[in-house]
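Peer 1: Pasting a structure below so you can have a look.
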Amino acid sequence: MCGIIGIMGTGKASSELYNGLFAIQHRGQNGAGMYVNDGKESRIHKGPGLVGEVFSKSILDYLEGNRGLGHVRYPTIGSDTSRDAQPFVIYEPMEIGMVHNGNIVNIDQLSKEFDLELRSECDLEVILNIFSRFLKEEGDLSEDSLFSAVGNTMDVLNGSYSVVAMLPGIGMLFFRDPHAIRPMVYGGKISLDGTSYAVASENIVLDILGYEIIRDVRGGEAILVKEDKTVVKRQVRAMKPKHCMFEWVYFARTDSTIEKTNVYESRLRLGKELAKEWKKKKRGLDVIVPVPDTARTYALAMAEELDVPFREGLLRNRYIGRTFIMPDQTSRETAVRTKLNPIIEEVKGKRVGLVDDSIVRGTTSKKLVELMRRAGAREVHFFIGSPPIISPCYYGVDMPTKHELIASHSTVKEICEQIGADSLTYQSLEGLMDGLQRKIENLCTACLNEDYPTQVREDIRQYYADKREEQRKDALAEQSASVI
Ligand code: SF4
């Protein structure tokens, strides 16, 4: 999962990209990059770290131009930020800068089929090479050729991808995979600098930069904003939408709106659905405490629905990143201890309803229950905003292997025992659909029910499991080296 932005025709692209990347920093904290063009020359800067660490004022001044691309990076298995950071650029059949959000499942197969000589493990390099090759085969750089190259690229890519490409002299081209798994929205504005267009992973980028939202990019659609700012749209391929349910449940910013459904409102509804599940159990609670930050909205709605006080019983150290994307088990466990501190007065002697967005391995949940007990909670009832995660994601959310996912091999009762809670209440699949106000056939729910929207063959699953194993060994080797 990453965050992307494309801007065409503004005064100083690097300033807008910088502010925009801050707005989607939650989508990736491992690296950041920008590609900016002034109509003649392109400049690129990328590196590891947060947006504020990667870009200084002098770098932003160096990135001169009125159009550009921005990227924040989320680490995926087997990848190395210094080598795999986006944007990427190719110069055949013309200069093309590109960023993307998502994950290509058949990257290995495509590199062999297209005989690609890759310098990174980033799937964007595969997309860019294949697109440029199809474009070259068209024999010209007309609009029809661009859209045809996008269609041919979509035909061979298996996975999720929201892509923005900058083609100096032609314009900005963006497209989204036929199932529209990852979000992508575009908008426009008229200012003293003239008309400009922007496209981003989440609408909050456009909101803070003063762009009026036009709409979400459709699955299988490609849009070209030309140099003269005319906009050409083409539905190059069409398939049933399968938006990632996890964007609403966990990943997107609470104030975002994806596919016309506001994330905050969805999380409120999901909280109410959880409360309905609890009512069936006919048990009592004295206080509802969220695990900050995502679950705060779930907990708020639950508290309202159950008429139980909502309390910030766990305080978060905001300078530590999300545990979900910590790359190894040791840093994840240490992060839980240093990141969250209970407010004893709010939980001591009480029946606590502890609310979180998801359970992955169960280790973090166990630590949270322990924290509550150590703070004196009389009972700890655990609530989860999503249904059980039983299978890995191959579309850009970095999850462990199936075996490591606690819900893949344990019942709810067993998980409850393993994490040491007095009860465990998951969101139901029906509750999830009601909360997101969508039908299951229009969502990707593969990590919940293994119904992958694209074909994920057994050898591909094994490939990812092996990569994960390699990564774990590397992390262990690094730890022992640092101990020595
Ligand atoms: S598998 Fe899960 S996390 Fe991945 S795209 Fe589908 S719903 Fe989202």
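Naming works like this for the structure tokens: A, B, ... for the chains as they're shown, residue 1 at the start of each chain, ligands 1 onward in shown order.
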Let me see if you get this right: every residue at most 6 Å from ligand 1, counting only C-alpha atoms and all ligand atoms, written as a ChimeraX atom specification.
Peer 2: /A:244-246,393,395,397,444-447
Peer 1: Just write the chosen residues, C-alpha atoms, as a PDB file, in the first residue's frame.
Peer 2:
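After the write, part_20.pdb holds the following:
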ATOM      1  CA  CYS A 244     -10.569  -3.165  -1.001  1.00  0.00           C
ATOM      2  CA  MET A 245     -12.765  -3.268   2.116  1.00  0.00           C
ATOM      3  CA  PHE A 246      -9.678  -2.679   4.241  1.00  0.00           C
ATOM      4  CA  CYS A 393      -3.439  -9.976   0.793  1.00  0.00           C
ATOM      5  CA  TYR A 395      -2.889  -6.600  -3.588  1.00  0.00           C
ATOM      6  CA  VAL A 397      -1.383  -4.738   2.110  1.00  0.00           C
ATOM      7  CA  CYS A 444     -12.581  -7.365  -2.350  1.00  0.00           C
ATOM      8  CA  THR A 445     -12.933  -9.442   0.820  1.00  0.00           C
ATOM      9  CA  ALA A 446     -10.267 -11.987  -0.118  1.00  0.00           C
ATOM     10  CA  CYS A 447      -8.370 -11.752   3.170  1.00  0.00           C
TER      11      CYS A 447
END
Peer 1: Enumerate, in order of chain and increasing residue number, the residues of segment 375-467 of chain A with an atom no farther than 12 Å from segment 253-264 of chain A, each with its shortest atom pair and distance in Å to one decimal, counting only C-alpha atoms, as CSV.
Peer 2:
residue,atom,partner,partner_atom,distance
A:Gly435,CA,A:Val263,CA,10.1
A:Leu436,CA,A:Thr261,CA,7.4
A:Gln437,CA,A:Thr261,CA,8.1
A:Arg438,CA,A:Thr261,CA,9.5
A:Asn442,CA,A:Glu259,CA,11.4
A:Leu443,CA,A:Glu259,CA,11.4
Peer 1: Could you write those residues out with N, CA and C atoms, as a CSV table (one decimal), in the first residue's frame?
Peer 2:
chain,number,residue,atom,x,y,z
A,435,GLY,N,-22.1,-1.8,7.2
A,435,GLY,CA,-21.3,-0.6,7.6
A,435,GLY,C,-20.8,0.1,6.3
A,436,LEU,N,-20.3,-0.6,5.3
A,436,LEU,CA,-19.8,0.0,4.1
A,436,LEU,C,-20.8,0.3,3.1
A,437,GLN,N,-22.1,-0.1,3.4
A,437,GLN,CA,-23.2,0.1,2.5
A,437,GLN,C,-22.9,-0.4,1.1
A,438,ARG,N,-22.4,-1.6,1.0
A,438,ARG,CA,-22.0,-2.1,-0.3
A,438,ARG,C,-22.4,-3.6,-0.3
A,442,ASN,N,-19.3,-6.4,-4.8
A,442,ASN,CA,-18.6,-5.2,-5.3
A,442,ASN,C,-17.4,-4.8,-4.4
A,443,LEU,N,-17.0,-5.8,-3.5
A,443,LEU,CA,-15.8,-5.5,-2.7
A,443,LEU,C,-14.8,-6.6,-2.8
Peer 1: Skipping near chain neighbours, those fewer than 3 positions away, what residues fall within 6 Å of segment 285-295 of chain A using only C-alpha atoms, listed as a list in words?
Peer 2: Tyr298, Ala299, Val308, Pro309, Phe310, Arg311, Glu312, Gly313, Lys350, Arg351, Val352, Gly353, Leu354, Val355, Asp356 and Asp357 of chain A
Peer 1: Between A:Trp248, A:Glu345, A:Asn158, A:Arg283, which is the closest to Pro453 of chain A once you count only C-alpha atoms?
Peer 2: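 Distance minimum relative to Pro453 of chain A lands on A:Asn158.
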Peer 1: Taking 4 positions as the minimum chain separation for residues in the same chain, which residues sit within 10 Å of Arg27 of chain A when counting only C-alpha atoms? Answer as number ranges by chain.
Peer 2: A: 1-4, 21-23, 71-74, 101, 201-202, 251-253
Peer 1: Keeping only N, CA and C atoms, write those residues as a short mmCIF file (atom, residue, chain, number, x, y, z; two decimals), in the first residue's frame.
Peer 2:
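The new file part38.cif reads:
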data_model
loop_
_atom_site.label_atom_id
_atom_site.label_comp_id
_atom_site.auth_asym_id
_atom_site.auth_seq_id
_atom_site.Cartn_x
_atom_site.Cartn_y
_atom_site.Cartn_z
N MET A 1 0.85 -1.20 0.00
CA MET A 1 0.00 0.00 0.00
C MET A 1 0.88 1.24 0.00
N CYS A 2 0.60 2.15 -0.89
CA CYS A 2 1.38 3.38 -0.97
C CYS A 2 0.42 4.53 -1.19
N GLY A 3 0.97 5.72 -1.27
CA GLY A 3 0.16 6.89 -1.60
C GLY A 3 0.75 7.56 -2.83
N ILE A 4 -0.11 7.98 -3.74
CA ILE A 4 0.39 8.61 -4.98
C ILE A 4 -0.34 9.92 -5.24
N LEU A 21 1.69 15.12 -0.08
CA LEU A 21 2.28 13.88 0.45
C LEU A 21 2.14 13.81 1.97
N PHE A 22 2.23 14.96 2.62
CA PHE A 22 1.99 14.98 4.07
C PHE A 22 0.59 14.47 4.40
N ALA A 23 -0.38 14.84 3.56
CA ALA A 23 -1.77 14.44 3.81
C ALA A 23 -1.96 12.93 3.68
N HIS A 71 5.09 10.35 -4.31
CA HIS A 71 4.87 8.98 -3.82
C HIS A 71 5.30 8.85 -2.37
N VAL A 72 4.50 8.20 -1.56
CA VAL A 72 4.96 7.76 -0.24
C VAL A 72 4.92 6.24 -0.24
N ARG A 73 5.95 5.67 0.33
CA ARG A 73 6.17 4.25 0.17
C ARG A 73 5.89 3.45 1.44
N TYR A 74 5.21 2.34 1.20
CA TYR A 74 4.89 1.37 2.25
C TYR A 74 5.73 0.14 1.92
N ASN A 101 0.27 2.70 -6.90
CA ASN A 101 -0.13 2.16 -5.61
C ASN A 101 -0.83 0.84 -5.89
N SER A 201 -4.39 9.27 -4.31
CA SER A 201 -4.96 8.07 -3.69
C SER A 201 -6.20 8.41 -2.87
N GLU A 202 -6.18 9.57 -2.22
CA GLU A 202 -7.33 9.93 -1.37
C GLU A 202 -7.72 11.38 -1.62
N PHE A 251 -7.17 1.37 6.52
CA PHE A 251 -6.04 2.06 5.90
C PHE A 251 -6.25 3.53 5.59
N ALA A 252 -7.39 3.88 5.02
CA ALA A 252 -7.59 5.27 4.58
C ALA A 252 -7.72 6.20 5.77
N ARG A 253 -7.45 7.50 5.53
CA ARG A 253 -7.57 8.47 6.60
C ARG A 253 -9.04 8.63 6.96
#
Peer 1: Can you work out which one of A:Asp123, A:Asp177, A:Asp434, A:Glu16 has the shortest atom-to-atom distance to Lys242 of chain A, counting only C-alpha atoms?
Peer 2: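 Ranked by minimum distance to Lys242 of chain A, first place goes to A:Asp177.
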Peer 1: Give the alpha helix (DSSP H) residues of segment 170-296 of chain A, as DSSP finds them on the backbone, and put them as a PyMOL selection string.
Peer 2: chain A and resi 203-208+245-246+263-281+295-296
Peer 1: Export N, CA and C atoms of the chosen residues as a PDB file, in the first residue's frame?
Peer 2:
ATOM      1  N   ASN A 203      -8.986  11.670  -1.495  1.00  0.00           N
ATOM      2  CA  ASN A 203      -9.507  13.008  -1.790  1.00  0.00           C
ATOM      3  C   ASN A 203      -8.965  14.102  -0.869  1.00  0.00           C
ATOM      4  N   ILE A 204      -8.474  13.715   0.320  1.00  0.00           N
ATOM      5  CA  ILE A 204      -7.973  14.726   1.252  1.00  0.00           C
ATOM      6  C   ILE A 204      -6.834  15.531   0.637  1.00  0.00           C
ATOM      7  N   VAL A 205      -6.054  14.896  -0.239  1.00  0.00           N
ATOM      8  CA  VAL A 205      -4.964  15.615  -0.916  1.00  0.00           C
ATOM      9  C   VAL A 205      -5.554  16.750  -1.743  1.00  0.00           C
ATOM     10  N   LEU A 206      -6.583  16.428  -2.507  1.00  0.00           N
ATOM     11  CA  LEU A 206      -7.205  17.432  -3.373  1.00  0.00           C
ATOM     12  C   LEU A 206      -7.882  18.508  -2.532  1.00  0.00           C
ATOM     13  N   ASP A 207      -8.515  18.092  -1.440  1.00  0.00           N
ATOM     14  CA  ASP A 207      -9.200  19.055  -0.564  1.00  0.00           C
ATOM     15  C   ASP A 207      -8.210  20.092  -0.037  1.00  0.00           C
ATOM     16  N   ILE A 208      -7.094  19.616   0.524  1.00  0.00           N
ATOM     17  CA  ILE A 208      -6.182  20.584   1.160  1.00  0.00           C
ATOM     18  C   ILE A 208      -5.466  21.442   0.120  1.00  0.00           C
ATOM     19  N   MET A 245     -11.977  -3.635   0.928  1.00  0.00           N
ATOM     20  CA  MET A 245     -12.765  -3.268   2.116  1.00  0.00           C
ATOM     21  C   MET A 245     -11.883  -2.687   3.217  1.00  0.00           C
ATOM     22  N   PHE A 246     -10.589  -3.080   3.175  1.00  0.00           N
ATOM     23  CA  PHE A 246      -9.678  -2.679   4.241  1.00  0.00           C
ATOM     24  C   PHE A 246      -9.377  -1.183   4.211  1.00  0.00           C
ATOM     25  N   VAL A 263     -15.192   7.629   5.050  1.00  0.00           N
ATOM     26  CA  VAL A 263     -14.543   6.627   5.905  1.00  0.00           C
ATOM     27  C   VAL A 263     -15.034   6.757   7.357  1.00  0.00           C
ATOM     28  N   TYR A 264     -15.115   7.981   7.851  1.00  0.00           N
ATOM     29  CA  TYR A 264     -15.554   8.202   9.237  1.00  0.00           C
ATOM     30  C   TYR A 264     -16.974   7.661   9.450  1.00  0.00           C
ATOM     31  N   GLU A 265     -17.857   8.020   8.523  1.00  0.00           N
ATOM     32  CA  GLU A 265     -19.254   7.558   8.646  1.00  0.00           C
ATOM     33  C   GLU A 265     -19.321   6.028   8.580  1.00  0.00           C
ATOM     34  N   SER A 266     -18.490   5.436   7.718  1.00  0.00           N
ATOM     35  CA  SER A 266     -18.480   3.958   7.618  1.00  0.00           C
ATOM     36  C   SER A 266     -18.046   3.349   8.933  1.00  0.00           C
ATOM     37  N   ARG A 267     -17.007   3.947   9.542  1.00  0.00           N
ATOM     38  CA  ARG A 267     -16.498   3.376  10.797  1.00  0.00           C
ATOM     39  C   ARG A 267     -17.520   3.547  11.924  1.00  0.00           C
ATOM     40  N   LEU A 268     -18.285   4.626  11.877  1.00  0.00           N
ATOM     41  CA  LEU A 268     -19.360   4.782  12.864  1.00  0.00           C
ATOM     42  C   LEU A 268     -20.384   3.654  12.695  1.00  0.00           C
ATOM     43  N   ARG A 269     -20.757   3.415  11.431  1.00  0.00           N
ATOM     44  CA  ARG A 269     -21.746   2.343  11.194  1.00  0.00           C
ATOM     45  C   ARG A 269     -21.179   0.986  11.622  1.00  0.00           C
ATOM     46  N   LEU A 270     -19.888   0.774  11.337  1.00  0.00           N
ATOM     47  CA  LEU A 270     -19.271  -0.504  11.737  1.00  0.00           C
ATOM     48  C   LEU A 270     -19.284  -0.652  13.255  1.00  0.00           C
ATOM     49  N   GLY A 271     -19.076   0.438  13.961  1.00  0.00           N
ATOM     50  CA  GLY A 271     -19.132   0.419  15.430  1.00  0.00           C
ATOM     51  C   GLY A 271     -20.522   0.034  15.901  1.00  0.00           C
ATOM     52  N   LYS A 272     -21.539   0.576  15.235  1.00  0.00           N
ATOM     53  CA  LYS A 272     -22.924   0.234  15.622  1.00  0.00           C
ATOM     54  C   LYS A 272     -23.199  -1.243  15.365  1.00  0.00           C
ATOM     55  N   GLU A 273     -22.662  -1.744  14.258  1.00  0.00           N
ATOM     56  CA  GLU A 273     -22.852  -3.169  13.953  1.00  0.00           C
ATOM     57  C   GLU A 273     -22.203  -4.042  15.024  1.00  0.00           C
ATOM     58  N   LEU A 274     -21.014  -3.613  15.490  1.00  0.00           N
ATOM     59  CA  LEU A 274     -20.332  -4.374  16.561  1.00  0.00           C
ATOM     60  C   LEU A 274     -21.178  -4.370  17.836  1.00  0.00           C
ATOM     61  N   ALA A 275     -21.770  -3.211  18.124  1.00  0.00           N
ATOM     62  CA  ALA A 275     -22.620  -3.102  19.318  1.00  0.00           C
ATOM     63  C   ALA A 275     -23.796  -4.068  19.210  1.00  0.00           C
ATOM     64  N   LYS A 276     -24.348  -4.214  18.002  1.00  0.00           N
ATOM     65  CA  LYS A 276     -25.483  -5.152  17.819  1.00  0.00           C
ATOM     66  C   LYS A 276     -25.026  -6.579  18.136  1.00  0.00           C
ATOM     67  N   GLU A 277     -23.797  -6.927  17.703  1.00  0.00           N
ATOM     68  CA  GLU A 277     -23.264  -8.269  17.998  1.00  0.00           C
ATOM     69  C   GLU A 277     -23.165  -8.472  19.516  1.00  0.00           C
ATOM     70  N   TRP A 278     -22.725  -7.420  20.205  1.00  0.00           N
ATOM     71  CA  TRP A 278     -22.538  -7.510  21.662  1.00  0.00           C
ATOM     72  C   TRP A 278     -23.881  -7.682  22.377  1.00  0.00           C
ATOM     73  N   LYS A 279     -24.893  -6.972  21.870  1.00  0.00           N
ATOM     74  CA  LYS A 279     -26.214  -7.061  22.513  1.00  0.00           C
ATOM     75  C   LYS A 279     -26.713  -8.492  22.527  1.00  0.00           C
ATOM     76  N   LYS A 280     -26.362  -9.268  21.482  1.00  0.00           N
ATOM     77  CA  LYS A 280     -26.818 -10.665  21.414  1.00  0.00           C
ATOM     78  C   LYS A 280     -26.245 -11.461  22.577  1.00  0.00           C
ATOM     79  N   LYS A 281     -25.084 -11.044  23.104  1.00  0.00           N
ATOM     80  CA  LYS A 281     -24.425 -11.807  24.180  1.00  0.00           C
ATOM     81  C   LYS A 281     -25.000 -11.501  25.561  1.00  0.00           C
ATOM     82  N   ALA A 295      -9.501   2.669  15.703  1.00  0.00           N
ATOM     83  CA  ALA A 295     -10.663   2.110  16.402  1.00  0.00           C
ATOM     84  C   ALA A 295     -11.445   3.150  17.197  1.00  0.00           C
ATOM     85  N   ARG A 296     -10.909   4.368  17.293  1.00  0.00           N
ATOM     86  CA  ARG A 296     -11.596   5.390  18.090  1.00  0.00           C
ATOM     87  C   ARG A 296     -13.028   5.605  17.565  1.00  0.00           C
TER      88      ARG A 296
END
Peer 1: Can you work out the spacing between atom CA of Asp451 of chain A and atom CA of Thr364 of chain A in Å, to one decimal?
Peer 2: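 Interatomic distance here is 26.5 Å.
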